[in-house]
Amino acid sequence: MPQSALPVVKNYINGQWCASTATEFLAVMNPATAQAIAQVPLSPAHEVEQAVAAAAIAFRTWRRTPPLQRVQYLFRLKVLMDEQFEALSRTVVEECGKTLDEARGEMRRAIENVEVACGIPMMMQGTNLEDIATGIDEIMIRQPLGVAAAIAPFNFPGMIPFWFMPYAIATGNTYIVKPSEKVPLTMQKFFNLLNN
């Protein structure tokens, strides 16, 4: 159990916030003030397995969702990220210690990746090529692979997960992000946006 009144970061699994059964917690520190601002659980393996299982089940239908429909969620996400741009940037400042301008640049890059991923319906098209050799035609079909995951470092809590997440989702994969235990609040705020 957590040992203080600090807020405890929960796991986001299958569209729901879930309290961890962890018995060990780490403090999330504001590097500018050296004050603890939250606690993060060291989640046990079975909770990771629960997240992977949920993502694998979601993949079955998500991979069959047409790309034009998948990117509609990304368009909405981009709008939400723009609306919450300052709050997301300030969270990066609070937990990571960046200047506000650096944090804004990081969040702008995250949003740009979402924008680019909205073009996936055109970018992921396959190709047909007749007669690449005598009697041989080539057909390339791009298909989703399954559950993707990122274990993000502490130094870019908002940008690095977005190097991959929008593209994985747009191409029909499901995605798990494990933020650094030092800076989990930016991703917590981001996943709160998804519940809107």
# chains A, B, ... in the order shown; residues from 1 in each chain; ligands from 1

$ residues_around --residues "A:Glu112" --least-positions-apart "6" --cutoff "10 Å" --atoms "only C-alpha atoms" --output "list in words"
Lys78, Glu106, Cys118, Met159, Phe162 and Trp163 of chain A

$ select_by_dssp --residues "stretch 11-102 of chain A" --states "strand (DSSP E or B)" --output "tab-separated table (two decimals) with N, CA and C atoms, in the first residue's frame"
chain	number	residue	atom	x	y	z
A	11	ASN	N	-3.06	2.08	-13.38
A	11	ASN	CA	-2.82	1.49	-14.69
A	11	ASN	C	-4.07	1.70	-15.55
A	12	TYR	N	-3.86	1.99	-16.82
A	12	TYR	CA	-4.97	2.15	-17.76
A	12	TYR	C	-5.01	0.90	-18.62
A	13	ILE	N	-6.02	0.05	-18.37
A	13	ILE	CA	-6.12	-1.24	-19.05
A	13	ILE	C	-7.53	-1.39	-19.61
A	16	GLN	N	-10.00	1.42	-18.93
A	16	GLN	CA	-10.39	1.67	-17.54
A	16	GLN	C	-9.16	1.94	-16.68
A	17	TRP	N	-9.31	2.82	-15.71
A	17	TRP	CA	-8.25	3.01	-14.73
A	17	TRP	C	-8.36	1.93	-13.67
A	18	CYS	N	-7.27	1.24	-13.41
A	18	CYS	CA	-7.25	0.12	-12.47
A	18	CYS	C	-6.19	0.36	-11.40
A	25	PHE	N	6.03	1.08	-4.09
A	25	PHE	CA	5.72	2.32	-4.79
A	25	PHE	C	6.96	3.20	-4.81
A	26	LEU	N	7.08	3.99	-5.87
A	26	LEU	CA	8.14	4.98	-5.95
A	26	LEU	C	7.52	6.37	-5.99
A	27	ALA	N	8.23	7.31	-5.43
A	27	ALA	CA	7.76	8.69	-5.48
A	27	ALA	C	8.08	9.29	-6.85
A	28	VAL	N	7.14	10.03	-7.38
A	28	VAL	CA	7.36	10.83	-8.59
A	28	VAL	C	7.76	12.21	-8.08
A	29	MET	N	8.96	12.65	-8.44
A	29	MET	CA	9.52	13.88	-7.89
A	29	MET	C	9.48	15.02	-8.91
A	30	ASN	N	9.19	16.20	-8.42
A	30	ASN	CA	9.35	17.41	-9.22
A	30	ASN	C	10.81	17.81	-9.08
A	35	GLN	N	10.24	17.99	-4.49
A	35	GLN	CA	9.05	17.56	-3.77
A	35	GLN	C	8.40	16.38	-4.48
A	36	ALA	N	7.92	15.42	-3.69
A	36	ALA	CA	7.16	14.31	-4.25
A	36	ALA	C	5.79	14.83	-4.67
A	37	ILE	N	5.36	14.48	-5.88
A	37	ILE	CA	4.07	14.96	-6.39
A	37	ILE	C	3.07	13.82	-6.63
A	38	ALA	N	3.54	12.60	-6.61
A	38	ALA	CA	2.67	11.44	-6.81
A	38	ALA	C	3.46	10.19	-6.44
A	39	GLN	N	2.76	9.07	-6.45
A	39	GLN	CA	3.40	7.77	-6.25
A	39	GLN	C	3.03	6.87	-7.41
A	40	VAL	N	3.97	6.08	-7.85
A	40	VAL	CA	3.73	5.15	-8.94
A	40	VAL	C	3.96	3.73	-8.43
A	41	PRO	N	3.02	2.81	-8.70
A	41	PRO	CA	3.20	1.43	-8.24
A	41	PRO	C	4.20	0.69	-9.12

$ residues_around --residues "stretch 179-181 of chain A" --least-positions-apart "5" --cutoff "7 Å" --atoms "only C-alpha atoms" --output "mmCIF file with N, CA and C atoms, in the first residue's frame"
data_model
loop_
_atom_site.group_PDB
_atom_site.id
_atom_site.type_symbol
_atom_site.label_atom_id
_atom_site.label_comp_id
_atom_site.auth_asym_id
_atom_site.auth_seq_id
_atom_site.Cartn_x
_atom_site.Cartn_y
_atom_site.Cartn_z
ATOM 1 N N VAL A 40 3.974 6.078 -7.846
ATOM 2 C CA VAL A 40 3.731 5.148 -8.935
ATOM 3 C C VAL A 40 3.965 3.730 -8.425
ATOM 4 N N ILE A 151 8.424 1.013 -24.184
ATOM 5 C CA ILE A 151 8.901 1.311 -22.831
ATOM 6 C C ILE A 151 9.651 2.625 -22.962
ATOM 7 N N ALA A 152 9.002 3.697 -22.528
ATOM 8 C CA ALA A 152 9.515 5.039 -22.795
ATOM 9 C C ALA A 152 10.504 5.479 -21.712
ATOM 10 N N PRO A 153 11.523 6.251 -22.095
ATOM 11 C CA PRO A 153 12.481 6.772 -21.121
ATOM 12 C C PRO A 153 11.929 8.018 -20.423
ATOM 13 N N PHE A 154 12.673 8.520 -19.469
ATOM 14 C CA PHE A 154 12.203 9.645 -18.658
ATOM 15 C C PHE A 154 12.364 10.996 -19.344
ATOM 16 N N PRO A 157 8.807 12.496 -21.833
ATOM 17 C CA PRO A 157 7.620 11.741 -21.428
ATOM 18 C C PRO A 157 6.428 11.896 -22.355
ATOM 19 N N MET A 187 1.669 10.763 -19.396
ATOM 20 C CA MET A 187 0.867 9.724 -20.047
ATOM 21 C C MET A 187 -0.462 9.532 -19.325
#

$ select_by_dssp --residues "stretch 6-195 of chain A" --states "alpha helix (DSSP H)" --output "PyMOL selection string"
chain A and resi 45-62+67-83+85-96+100-117+120-123+165-170+185-194

$ closest_residue --among "A:Gln143, A:Gln50, A:Ser89, A:Ser20" --to "A:Pro66" --atoms "only C-alpha atoms"
A:Gln143
